[in-house]
>>> print(open('structure28.cif').read())   # mmCIF, C-alpha atoms
data_coords
#
loop_
_atom_site.label_atom_id
_atom_site.label_comp_id
_atom_site.auth_asym_id
_atom_site.auth_seq_id
_atom_site.Cartn_x
_atom_site.Cartn_y
_atom_site.Cartn_z
CA MET E 1 0.00 0.00 0.00
CA ASN E 2 1.30 3.45 -0.92
CA ILE E 3 1.23 6.11 1.78
CA ILE E 4 -0.33 9.30 0.47
CA LYS E 5 1.10 12.56 1.77
CA ARG E 6 -1.23 15.32 2.94
CA LEU E 7 1.12 18.16 1.98
CA SER E 8 3.18 19.31 -0.98
CA VAL E 9 4.82 22.55 -2.05
CA SER E 10 5.18 24.45 -5.32
CA GLU E 11 8.55 25.36 -6.81
CA LYS E 12 7.73 29.08 -6.36
CA ALA E 13 7.07 28.54 -2.65
CA LEU E 14 10.29 26.52 -2.30
CA ALA E 15 12.25 29.44 -3.74
CA ILE E 16 10.84 31.85 -1.13
CA ILE E 17 11.34 29.30 1.65
CA ALA E 18 15.03 29.02 0.68
CA ILE E 19 15.40 32.80 1.04
CA LEU E 20 13.63 32.76 4.40
CA GLN E 21 15.70 29.83 5.64
CA GLU E 22 18.92 31.62 4.70
CA LYS E 23 17.82 34.77 6.53
CA PHE E 24 16.09 33.26 9.59
CA GLY E 25 17.33 29.65 9.95
CA ASP E 26 14.87 26.94 10.95
CA LEU E 27 11.25 27.71 10.12
CA MET E 28 7.77 26.46 10.88
CA PHE E 29 4.39 26.92 9.23
CA TYR E 30 1.02 27.41 10.90
CA GLN E 31 -2.40 27.76 9.37
CA ALA E 32 -5.01 29.17 11.73
CA GLY E 33 -8.72 28.63 11.70
CA GLY E 34 -9.81 32.18 10.97
CA CYS E 35 -8.34 34.80 13.31
CA CYS E 36 -6.28 37.79 12.14
CA GLU E 37 -4.91 36.29 8.93
CA GLY E 38 -8.03 34.26 8.21
CA THR E 39 -6.92 30.84 7.08
CA GLN E 40 -3.79 32.08 5.35
CA PRO E 41 -0.71 29.93 6.09
CA GLN E 42 1.94 31.71 8.13
CA CYS E 43 5.69 31.17 8.22
CA PHE E 44 7.60 31.84 11.45
CA GLU E 45 11.05 31.26 12.82
CA LYS E 46 10.98 27.91 14.60
CA GLY E 47 10.05 28.54 18.22
CA ALA E 48 8.54 31.98 17.58
CA PHE E 49 5.02 30.56 17.55
CA PHE E 50 3.60 27.69 19.56
CA PRO E 51 0.73 25.56 18.32
CA ARG E 52 -2.07 24.83 20.76
CA THR E 53 -2.59 21.43 22.36
CA GLY E 54 -4.37 19.27 19.81
CA ASP E 55 -3.21 21.22 16.75
CA VAL E 56 -2.16 18.93 13.93
CA CYS E 57 1.09 18.60 11.98
CA ILE E 58 0.12 17.40 8.49
CA GLY E 59 3.67 17.09 7.19
CA GLN E 60 6.92 18.88 6.59
CA ILE E 61 8.33 21.18 3.95
CA LYS E 62 12.14 20.97 3.69
CA GLY E 63 12.09 19.43 7.17
CA PHE E 64 9.99 22.24 8.66
CA ASP E 65 6.69 21.33 10.35
CA PHE E 66 3.40 22.50 8.85
CA TRP E 67 0.81 22.82 11.64
CA LEU E 68 -2.94 23.31 11.33
CA ASP E 69 -5.38 24.64 13.86
CA LYS E 70 -7.18 21.57 15.23
CA ASP E 71 -10.61 22.85 14.13
CA LEU E 72 -9.34 23.70 10.64
CA PHE E 73 -7.88 20.21 10.37
CA GLU E 74 -11.28 18.69 11.20
CA TYR E 75 -12.80 20.71 8.38
CA TRP E 76 -10.04 19.97 5.84
CA LYS E 77 -8.83 16.50 6.94
CA HIS E 78 -10.03 14.99 3.66
CA ALA E 79 -7.98 17.40 1.54
CA HIS E 80 -4.45 17.55 0.19
CA PHE E 81 -2.69 20.88 0.85
CA THR E 82 -0.29 22.42 -1.67
CA LEU E 83 1.64 25.38 -0.27
CA ASP E 84 2.12 28.03 -2.93
CA VAL E 85 3.06 31.71 -2.93
CA MET E 86 1.68 34.74 -4.74
CA ASP E 87 2.65 38.37 -5.10
CA GLY E 88 1.03 40.72 -2.59
CA ILE E 89 0.68 41.16 1.12
CA GLY E 90 -1.75 39.06 3.13
CA ALA E 91 -4.38 40.23 5.58
CA GLY E 92 -2.09 41.24 8.42
CA GLY E 93 1.48 40.65 7.43
CA PHE E 94 2.67 38.53 10.40
CA SER E 95 4.32 35.93 8.17
CA LEU E 96 8.04 36.12 7.30
CA GLU E 97 7.50 36.37 3.53
CA THR E 98 5.50 39.62 3.83
CA PRO E 99 8.50 42.04 3.61
CA PHE E 100 9.39 40.37 0.30
CA GLY E 101 6.00 41.32 -1.17
CA LYS E 102 4.83 37.70 -1.13
CA THR E 103 2.00 35.80 0.54
CA PHE E 104 1.77 32.08 1.13
CA VAL E 105 -1.48 30.47 0.01
CA VAL E 106 -2.80 26.92 0.02
CA GLN E 107 -4.49 25.11 -2.83
CA TYR E 108 -6.71 22.21 -1.80
CA LYS E 109 -7.66 18.94 -3.50
CA ILE E 110 -10.21 16.61 -1.92
CA PHE E 111 -8.93 13.05 -1.52
CA THR E 112 -10.83 10.19 -3.11
CA ASP E 113 -12.37 7.58 -0.82
CA GLU E 114 -9.54 5.21 -1.71
CA GLU E 115 -6.87 7.83 -0.99
CA VAL E 116 -8.37 8.52 2.46
CA THR E 117 -7.61 4.91 3.45
CA GLN E 118 -3.92 5.41 2.52
CA LEU E 119 -3.16 8.77 4.16
CA GLU E 120 0.00 9.21 6.20
CA PRO E 121 -0.68 9.66 9.90
CA VAL E 122 -0.72 13.11 11.47
CA ARG E 123 0.98 14.26 14.66
CA LEU E 124 -0.89 16.12 17.41
CA TYR E 125 0.79 18.91 19.34
CA SER E 126 1.17 18.38 23.06
CA TYR E 127 3.02 20.38 25.71
CA ASP E 128 4.21 17.14 27.31
#
>>> encode(input="structure28.cif", output="structure tokens")
Amino acid sequence: MNIIKRLSVSEKALAIIAILQEKFGDLMFYQAGGCCEGTQPQCFEKGAFFPRTGDVCIGQIKGFDFWLDKDLFEYWKHAHFTLDVMDGIGAGGFSLETPFGKTFVVQYKIFTDEEVTQLEPVRLYSYD
């Protein structure tokens, strides 16, 4: 059985991530459930933002965790996420790519019933 990943990344997003990694070091991604930046994915220096207990890591990009708000995960758990980037500044500008005139976005694809049975496991955040 093939394990199906929940997360992928575009080449354009990888290029921005490389710039951010060079400038800031280790990174992390977090996609909230609707506050401040809406559901726009955010990029932070690793350790500059802490997920809440029960938030869900759906995968990694270049070894950096991609966390989802636990409620957002419940809504989108049957979808594949592709991290992409576009020109412009997001809703609030908290994310590291903002000074570069870029905004991370996610494109979604709903998994088929068969794919759902083959999804890689997720990891829940815990303070323990």
>>> residues_around(input="structure28.cif", residues="region 94-107 of chain E", least_positions_apart="6", cutoff="6 Å", atoms="all atoms listed in the file", output="ChimeraX atom specification")
/E:41-44,81-88
>>> write_last_selection(input="structure28.cif", atoms="C-alpha atoms", output="JSON list (two decimals), in the frame of the given file")
[["chain", "number", "residue", "atom", "x", "y", "z"],
["E", 41, "PRO", "CA", -0.71, 29.93, 6.09],
["E", 42, "GLN", "CA", 1.94, 31.71, 8.13],
["E", 43, "CYS", "CA", 5.69, 31.17, 8.22],
["E", 44, "PHE", "CA", 7.60, 31.84, 11.45],
["E", 81, "PHE", "CA", -2.69, 20.88, 0.85],
["E", 82, "THR", "CA", -0.29, 22.42, -1.67],
["E", 83, "LEU", "CA", 1.64, 25.38, -0.27],
["E", 84, "ASP", "CA", 2.12, 28.03, -2.93],
["E", 85, "VAL", "CA", 3.06, 31.71, -2.93],
["E", 86, "MET", "CA", 1.68, 34.74, -4.74],
["E", 87, "ASP", "CA", 2.65, 38.37, -5.10],
["E", 88, "GLY", "CA", 1.03, 40.72, -2.59]]
>>> closest_residue(input="structure28.cif", among="E:His78, E:Lys46, E:Lys12, E:Arg6", to="Phe24 (chain E)", atoms="all atoms listed in the file")
E:Lys46
>>> resolve_selection(input="structure28.cif", expression="the PyMOL selection byres ((chain E and resi 14) around 9)", output="number ranges by chain")
E: 9-13, 15-19, 61-62, 83-85
>>> closest_residue(input="structure28.cif", among="E:Met28, E:Tyr127, E:Ala79, E:Glu115", to="Asp65 (chain E)", atoms="all atoms listed in the file")
E:Met28
>>> atom_distance(input="structure28.cif", atom1="CA of Val122 (chain E)", atom2="CA of Gly59 (chain E)")
7.3 Å
>>> residues_around(input="structure28.cif", residues="Asp69 (chain E)", least_positions_apart="6", cutoff="9 Å", atoms="only C-alpha atoms", output="ChimeraX atom specification")
/E:30-33,51-52,54-56
>>> resolve_selection(input="structure28.cif", expression="the PyMOL selection byres ((chain E and resi 5) around 10)", output="list in words")
Asn2, Ile3, Ile4, Arg6, Leu7, Ser8, Ile58, Gly59, Gln60, His80, Phe81, Glu115, Gln118, Leu119, Glu120, Pro121 and Val122 of chain E
>>> closest_residue(input="structure28.cif", among="E:Glu114, E:Leu124, E:Lys23, E:Ala48", to="Phe73 (chain E)", atoms="all atoms listed in the file")
E:Leu124
>>> atom_distance(input="structure28.cif", atom1="CA of Thr39 (chain E)", atom2="CA of Ile110 (chain E)")
17.2 Å
>>> closest_residue(input="structure28.cif", among="E:Leu68, E:Tyr125, E:Asp113, E:Cys57", to="Gln40 (chain E)", atoms="all atoms listed in the file")
E:Leu68
>>> atom_distance(input="structure28.cif", atom1="CA of Phe29 (chain E)", atom2="CA of Lys109 (chain E)")
19.3 Å
>>> decode(input="structure28.cif", residues="chain E", atoms="C-alpha atoms", output="PDB file, in the first residue's frame")
ATOM      1  CA  MET E   1       0.000   0.000   0.000  1.00  0.00           C
ATOM      2  CA  ASN E   2       1.304   3.454  -0.917  1.00  0.00           C
ATOM      3  CA  ILE E   3       1.233   6.110   1.776  1.00  0.00           C
ATOM      4  CA  ILE E   4      -0.329   9.305   0.471  1.00  0.00           C
ATOM      5  CA  LYS E   5       1.096  12.563   1.771  1.00  0.00           C
ATOM      6  CA  ARG E   6      -1.225  15.320   2.938  1.00  0.00           C
ATOM      7  CA  LEU E   7       1.119  18.162   1.980  1.00  0.00           C
ATOM      8  CA  SER E   8       3.180  19.305  -0.980  1.00  0.00           C
ATOM      9  CA  VAL E   9       4.818  22.554  -2.047  1.00  0.00           C
ATOM     10  CA  SER E  10       5.178  24.449  -5.321  1.00  0.00           C
ATOM     11  CA  GLU E  11       8.554  25.359  -6.810  1.00  0.00           C
ATOM     12  CA  LYS E  12       7.726  29.078  -6.361  1.00  0.00           C
ATOM     13  CA  ALA E  13       7.067  28.538  -2.655  1.00  0.00           C
ATOM     14  CA  LEU E  14      10.290  26.520  -2.298  1.00  0.00           C
ATOM     15  CA  ALA E  15      12.253  29.445  -3.735  1.00  0.00           C
ATOM     16  CA  ILE E  16      10.837  31.853  -1.128  1.00  0.00           C
ATOM     17  CA  ILE E  17      11.335  29.300   1.647  1.00  0.00           C
ATOM     18  CA  ALA E  18      15.027  29.017   0.681  1.00  0.00           C
ATOM     19  CA  ILE E  19      15.397  32.801   1.040  1.00  0.00           C
ATOM     20  CA  LEU E  20      13.626  32.764   4.405  1.00  0.00           C
ATOM     21  CA  GLN E  21      15.705  29.834   5.639  1.00  0.00           C
ATOM     22  CA  GLU E  22      18.924  31.617   4.699  1.00  0.00           C
ATOM     23  CA  LYS E  23      17.817  34.768   6.529  1.00  0.00           C
ATOM     24  CA  PHE E  24      16.094  33.257   9.589  1.00  0.00           C
ATOM     25  CA  GLY E  25      17.335  29.653   9.954  1.00  0.00           C
ATOM     26  CA  ASP E  26      14.874  26.940  10.951  1.00  0.00           C
ATOM     27  CA  LEU E  27      11.251  27.709  10.117  1.00  0.00           C
ATOM     28  CA  MET E  28       7.767  26.463  10.878  1.00  0.00           C
ATOM     29  CA  PHE E  29       4.386  26.923   9.233  1.00  0.00           C
ATOM     30  CA  TYR E  30       1.020  27.408  10.902  1.00  0.00           C
ATOM     31  CA  GLN E  31      -2.404  27.757   9.369  1.00  0.00           C
ATOM     32  CA  ALA E  32      -5.011  29.171  11.731  1.00  0.00           C
ATOM     33  CA  GLY E  33      -8.721  28.631  11.700  1.00  0.00           C
ATOM     34  CA  GLY E  34      -9.811  32.182  10.966  1.00  0.00           C
ATOM     35  CA  CYS E  35      -8.340  34.798  13.313  1.00  0.00           C
ATOM     36  CA  CYS E  36      -6.275  37.791  12.144  1.00  0.00           C
ATOM     37  CA  GLU E  37      -4.913  36.289   8.927  1.00  0.00           C
ATOM     38  CA  GLY E  38      -8.034  34.258   8.205  1.00  0.00           C
ATOM     39  CA  THR E  39      -6.923  30.836   7.081  1.00  0.00           C
ATOM     40  CA  GLN E  40      -3.786  32.079   5.347  1.00  0.00           C
ATOM     41  CA  PRO E  41      -0.711  29.932   6.091  1.00  0.00           C
ATOM     42  CA  GLN E  42       1.944  31.709   8.130  1.00  0.00           C
ATOM     43  CA  CYS E  43       5.695  31.166   8.224  1.00  0.00           C
ATOM     44  CA  PHE E  44       7.600  31.835  11.452  1.00  0.00           C
ATOM     45  CA  GLU E  45      11.053  31.262  12.823  1.00  0.00           C
ATOM     46  CA  LYS E  46      10.976  27.905  14.603  1.00  0.00           C
ATOM     47  CA  GLY E  47      10.049  28.539  18.223  1.00  0.00           C
ATOM     48  CA  ALA E  48       8.542  31.984  17.578  1.00  0.00           C
ATOM     49  CA  PHE E  49       5.023  30.557  17.547  1.00  0.00           C
ATOM     50  CA  PHE E  50       3.604  27.689  19.563  1.00  0.00           C
ATOM     51  CA  PRO E  51       0.728  25.557  18.321  1.00  0.00           C
ATOM     52  CA  ARG E  52      -2.072  24.831  20.759  1.00  0.00           C
ATOM     53  CA  THR E  53      -2.589  21.435  22.359  1.00  0.00           C
ATOM     54  CA  GLY E  54      -4.366  19.267  19.807  1.00  0.00           C
ATOM     55  CA  ASP E  55      -3.215  21.221  16.747  1.00  0.00           C
ATOM     56  CA  VAL E  56      -2.160  18.930  13.927  1.00  0.00           C
ATOM     57  CA  CYS E  57       1.090  18.603  11.977  1.00  0.00           C
ATOM     58  CA  ILE E  58       0.117  17.403   8.492  1.00  0.00           C
ATOM     59  CA  GLY E  59       3.665  17.094   7.185  1.00  0.00           C
ATOM     60  CA  GLN E  60       6.921  18.881   6.588  1.00  0.00           C
ATOM     61  CA  ILE E  61       8.334  21.176   3.946  1.00  0.00           C
ATOM     62  CA  LYS E  62      12.136  20.967   3.693  1.00  0.00           C
ATOM     63  CA  GLY E  63      12.093  19.428   7.168  1.00  0.00           C
ATOM     64  CA  PHE E  64       9.986  22.237   8.656  1.00  0.00           C
ATOM     65  CA  ASP E  65       6.687  21.326  10.347  1.00  0.00           C
ATOM     66  CA  PHE E  66       3.396  22.503   8.850  1.00  0.00           C
ATOM     67  CA  TRP E  67       0.810  22.825  11.641  1.00  0.00           C
ATOM     68  CA  LEU E  68      -2.937  23.314  11.335  1.00  0.00           C
ATOM     69  CA  ASP E  69      -5.381  24.637  13.864  1.00  0.00           C
ATOM     70  CA  LYS E  70      -7.182  21.567  15.225  1.00  0.00           C
ATOM     71  CA  ASP E  71     -10.609  22.848  14.132  1.00  0.00           C
ATOM     72  CA  LEU E  72      -9.338  23.703  10.644  1.00  0.00           C
ATOM     73  CA  PHE E  73      -7.885  20.208  10.373  1.00  0.00           C
ATOM     74  CA  GLU E  74     -11.278  18.693  11.202  1.00  0.00           C
ATOM     75  CA  TYR E  75     -12.799  20.713   8.383  1.00  0.00           C
ATOM     76  CA  TRP E  76     -10.036  19.968   5.838  1.00  0.00           C
ATOM     77  CA  LYS E  77      -8.831  16.497   6.942  1.00  0.00           C
ATOM     78  CA  HIS E  78     -10.027  14.987   3.660  1.00  0.00           C
ATOM     79  CA  ALA E  79      -7.984  17.401   1.536  1.00  0.00           C
ATOM     80  CA  HIS E  80      -4.448  17.546   0.194  1.00  0.00           C
ATOM     81  CA  PHE E  81      -2.694  20.882   0.847  1.00  0.00           C
ATOM     82  CA  THR E  82      -0.292  22.415  -1.666  1.00  0.00           C
ATOM     83  CA  LEU E  83       1.636  25.376  -0.269  1.00  0.00           C
ATOM     84  CA  ASP E  84       2.122  28.033  -2.927  1.00  0.00           C
ATOM     85  CA  VAL E  85       3.060  31.708  -2.935  1.00  0.00           C
ATOM     86  CA  MET E  86       1.684  34.737  -4.737  1.00  0.00           C
ATOM     87  CA  ASP E  87       2.654  38.373  -5.097  1.00  0.00           C
ATOM     88  CA  GLY E  88       1.030  40.722  -2.591  1.00  0.00           C
ATOM     89  CA  ILE E  89       0.684  41.156   1.123  1.00  0.00           C
ATOM     90  CA  GLY E  90      -1.748  39.061   3.129  1.00  0.00           C
ATOM     91  CA  ALA E  91      -4.376  40.227   5.576  1.00  0.00           C
ATOM     92  CA  GLY E  92      -2.094  41.239   8.421  1.00  0.00           C
ATOM     93  CA  GLY E  93       1.481  40.651   7.435  1.00  0.00           C
ATOM     94  CA  PHE E  94       2.673  38.527  10.405  1.00  0.00           C
ATOM     95  CA  SER E  95       4.322  35.931   8.170  1.00  0.00           C
ATOM     96  CA  LEU E  96       8.044  36.120   7.302  1.00  0.00           C
ATOM     97  CA  GLU E  97       7.502  36.373   3.528  1.00  0.00           C
ATOM     98  CA  THR E  98       5.504  39.620   3.834  1.00  0.00           C
ATOM     99  CA  PRO E  99       8.503  42.036   3.612  1.00  0.00           C
ATOM    100  CA  PHE E 100       9.394  40.366   0.304  1.00  0.00           C
ATOM    101  CA  GLY E 101       6.000  41.322  -1.174  1.00  0.00           C
ATOM    102  CA  LYS E 102       4.831  37.702  -1.129  1.00  0.00           C
ATOM    103  CA  THR E 103       1.999  35.803   0.535  1.00  0.00           C
ATOM    104  CA  PHE E 104       1.772  32.076   1.134  1.00  0.00           C
ATOM    105  CA  VAL E 105      -1.479  30.468   0.007  1.00  0.00           C
ATOM    106  CA  VAL E 106      -2.797  26.917   0.018  1.00  0.00           C
ATOM    107  CA  GLN E 107      -4.485  25.109  -2.826  1.00  0.00           C
ATOM    108  CA  TYR E 108      -6.713  22.210  -1.805  1.00  0.00           C
ATOM    109  CA  LYS E 109      -7.657  18.943  -3.499  1.00  0.00           C
ATOM    110  CA  ILE E 110     -10.206  16.615  -1.924  1.00  0.00           C
ATOM    111  CA  PHE E 111      -8.931  13.053  -1.520  1.00  0.00           C
ATOM    112  CA  THR E 112     -10.832  10.189  -3.111  1.00  0.00           C
ATOM    113  CA  ASP E 113     -12.371   7.577  -0.816  1.00  0.00           C
ATOM    114  CA  GLU E 114      -9.542   5.209  -1.712  1.00  0.00           C
ATOM    115  CA  GLU E 115      -6.867   7.832  -0.985  1.00  0.00           C
ATOM    116  CA  VAL E 116      -8.374   8.518   2.461  1.00  0.00           C
ATOM    117  CA  THR E 117      -7.612   4.908   3.453  1.00  0.00           C
ATOM    118  CA  GLN E 118      -3.923   5.415   2.522  1.00  0.00           C
ATOM    119  CA  LEU E 119      -3.159   8.771   4.164  1.00  0.00           C
ATOM    120  CA  GLU E 120       0.000   9.209   6.195  1.00  0.00           C
ATOM    121  CA  PRO E 121      -0.682   9.664   9.904  1.00  0.00           C
ATOM    122  CA  VAL E 122      -0.725  13.106  11.471  1.00  0.00           C
ATOM    123  CA  ARG E 123       0.979  14.257  14.658  1.00  0.00           C
ATOM    124  CA  LEU E 124      -0.886  16.118  17.411  1.00  0.00           C
ATOM    125  CA  TYR E 125       0.788  18.911  19.345  1.00  0.00           C
ATOM    126  CA  SER E 126       1.174  18.379  23.059  1.00  0.00           C
ATOM    127  CA  TYR E 127       3.024  20.377  25.706  1.00  0.00           C
ATOM    128  CA  ASP E 128       4.206  17.135  27.307  1.00  0.00           C
TER     129      ASP E 128
END
